[in-house]
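Shown next, in structure tokens, is the structure this report addresses.
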Amino acid sequence: MANKIGQWEPTWSYKVPDGPHAGKTLWSGRYCAVSCVILAKEIVDNEEKWFILINKRGKGTPDDQGKWNMPCGYLNNGESATQACARETAEECGVYLNNKLFKLINVETAPEKCNNGNVTLRHLCILNKRATILTKQEGGEKNEVESVKWIPISDIPNYDWAFNHKTTLLANIIPSIDTICYKYYNNDLVVGYE
């Protein structure tokens, strides 16, 4: 099944029939998702190299099975966006990171750019070495992820990507990676808004 970038359901309402909220109207709307750009810079063979953490979508996902993506997903009730980033990374990749390492870099609201018309809060996490991939945390869909790995950023074009992740990386992150890294460590990131 293909993804649904640029497609969304019309807004609808529902009147609660009974209980403490009887008579109140609930409205549907767009959902809020997080997308995590997790980078690591290491010295390999006496050369500085950048890597990115990615996962291959499994048969349990509703769309884009077999394609690669950055860790991403919906916010759960009661969690912040950075907590959602840490949880999704643990669930999808088996990489456990402190939520305080994630910094907001982009708010994507344009429905034509987002799967199912979601609002996406894109966060960046930069590590000084590739974190170990451990057993994935319980949660998410069954068979959600087929494979997880760190790849050199130079290999990004060689993968079949889900959603708009390839475009985001190649157009917005990779060309200015050193500047973004400097701003990340100096708490000087500018949040983009679309």
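Ligands are numbered from 1 in the order shown, residues from 1 within each chain, and chains are lettered A, B, ... in the order they appear in the structure tokens.
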
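The residue set within 12 Å of Glu144 (chain A), counting only C-alpha atoms and dropping same-chain residues fewer than 6 places from it, reads A:Asn55, A:Lys56, A:Arg57, A:Gly58, A:Lys59, A:Gly60, A:Thr61, A:Pro62, A:Asp63, A:Asp64, A:Gln65, A:Gly66, A:Lys67, A:Trp68, A:Asn69, A:Pro71, A:Cys72, A:Gly73, A:Glu88, A:Glu91, A:Glu92, A:Cys93, A:Lys136, A:Gln137, A:Glu138.
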
What's around Asn128 (chain A) at 10 Å? Count only C-alpha atoms, leave out sequence neighbours fewer than 5 positions away in its own chain, and write the answer as a PyMOL selection string.
chain A and resi 39-43+50

Only C-alpha atoms, please: the residues just picked out, written as an mmCIF file, in the first residue's frame.
```
data_model
loop_
_atom_site.group_PDB
_atom_site.id
_atom_site.type_symbol
_atom_site.label_atom_id
_atom_site.label_comp_id
_atom_site.auth_asym_id
_atom_site.auth_seq_id
_atom_site.Cartn_x
_atom_site.Cartn_y
_atom_site.Cartn_z
ATOM 1 C CA LEU A 39 23.069 11.576 13.368
ATOM 2 C CA ALA A 40 26.439 10.430 14.663
ATOM 3 C CA LYS A 41 29.878 11.749 13.750
ATOM 4 C CA GLU A 42 32.793 9.348 14.153
ATOM 5 C CA ILE A 43 36.364 8.958 13.022
ATOM 6 C CA TRP A 50 28.588 11.172 9.450
#
```

Selected residue of minimal separation from Val145 (chain A) among A:Met70, A:Cys85, A:Ala110, A:Ile52, counting only C-alpha atoms:
A:Met70

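Minimum distance to Lys149 (chain A) across A:Phe163, A:Tyr96, A:Ile54, A:Ile126 (counting only C-alpha atoms) occurs at A:Ile54.
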
In region 10-118 of chain A, what's helix (DSSP H, G or I) per DSSP? Answer as a list in words?
Ala81, Thr82, Gln83, Ala84, Cys85, Ala86, Arg87, Glu88, Thr89, Ala90, Glu91, Glu92, Cys93, Asn99, Lys100, Leu101, Pro111, Glu112 and Lys113 of chain A

Which residues, written as a PyMOL selection string, have at least one atom at most 12 Å from Leu124 (chain A), with only C-alpha atoms counted and residues fewer than 4 positions away on the same chain left out?
chain A and resi 34-40+52-53+70-72+81-82+85-86+99-106+169+173+177+180-181+183-185+187+189-191

File dump, residues just selected, C-alpha atoms, as a PDB file, in the first residue's frame:
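See again.pdb below for the written result:
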```
ATOM      1  CA  VAL A  34       7.372  13.257  15.291  1.00  0.00           C
ATOM      2  CA  SER A  35      10.196  12.494  12.890  1.00  0.00           C
ATOM      3  CA  CYS A  36      13.691  11.947  14.300  1.00  0.00           C
ATOM      4  CA  VAL A  37      16.902  12.806  12.464  1.00  0.00           C
ATOM      5  CA  ILE A  38      19.520  10.932  14.514  1.00  0.00           C
ATOM      6  CA  LEU A  39      23.069  11.576  13.368  1.00  0.00           C
ATOM      7  CA  ALA A  40      26.439  10.430  14.663  1.00  0.00           C
ATOM      8  CA  ILE A  52      22.275   8.326  10.240  1.00  0.00           C
ATOM      9  CA  LEU A  53      20.053   5.855  12.089  1.00  0.00           C
ATOM     10  CA  MET A  70      13.971   7.748  10.098  1.00  0.00           C
ATOM     11  CA  PRO A  71      12.305   6.813  13.396  1.00  0.00           C
ATOM     12  CA  CYS A  72       8.878   8.450  13.449  1.00  0.00           C
ATOM     13  CA  ALA A  81       7.323  15.682  21.499  1.00  0.00           C
ATOM     14  CA  THR A  82      10.844  14.918  22.730  1.00  0.00           C
ATOM     15  CA  CYS A  85      11.096  10.903  19.877  1.00  0.00           C
ATOM     16  CA  ALA A  86      12.893   8.891  22.558  1.00  0.00           C
ATOM     17  CA  ASN A  99      14.714  12.793  25.343  1.00  0.00           C
ATOM     18  CA  LYS A 100      16.662  15.966  26.180  1.00  0.00           C
ATOM     19  CA  LEU A 101      19.029  15.198  23.267  1.00  0.00           C
ATOM     20  CA  PHE A 102      16.241  15.855  20.744  1.00  0.00           C
ATOM     21  CA  LYS A 103      15.919  19.435  19.514  1.00  0.00           C
ATOM     22  CA  LEU A 104      13.124  20.769  17.313  1.00  0.00           C
ATOM     23  CA  ILE A 105      14.303  21.796  13.835  1.00  0.00           C
ATOM     24  CA  ASN A 106      11.141  21.897  11.715  1.00  0.00           C
ATOM     25  CA  LEU A 169      17.603  14.798   4.362  1.00  0.00           C
ATOM     26  CA  ILE A 173      19.899  18.564   6.438  1.00  0.00           C
ATOM     27  CA  ILE A 177      25.254  19.445   8.240  1.00  0.00           C
ATOM     28  CA  ILE A 180      23.516  22.498  11.813  1.00  0.00           C
ATOM     29  CA  CYS A 181      25.878  20.562  14.090  1.00  0.00           C
ATOM     30  CA  LYS A 183      24.090  25.331  16.020  1.00  0.00           C
ATOM     31  CA  TYR A 184      22.856  22.147  17.717  1.00  0.00           C
ATOM     32  CA  TYR A 185      25.708  22.198  20.248  1.00  0.00           C
ATOM     33  CA  ASN A 187      21.595  25.844  21.234  1.00  0.00           C
ATOM     34  CA  LEU A 189      19.018  26.112  15.931  1.00  0.00           C
ATOM     35  CA  VAL A 190      16.406  27.993  13.934  1.00  0.00           C
ATOM     36  CA  VAL A 191      13.112  26.133  13.653  1.00  0.00           C
TER      37      VAL A 191
END
```

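Between Lys113 (chain A) and the candidates A:Leu170, A:Gln83, A:Asp188, A:Asn164, the tightest atom-to-atom separation, counting only C-alpha atoms, involves A:Asn164.
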
Calculate how many Å separate CA of Thr168 (chain A) from CA of Val44 (chain A), rounding to one decimal.
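Calculated distance between CA of Thr168 (chain A) and CA of Val44 (chain A) is 25.7 Å.
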
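We find CA of Ala33 (chain A) and CA of Thr109 (chain A) to be spaced 10.6 Å apart.
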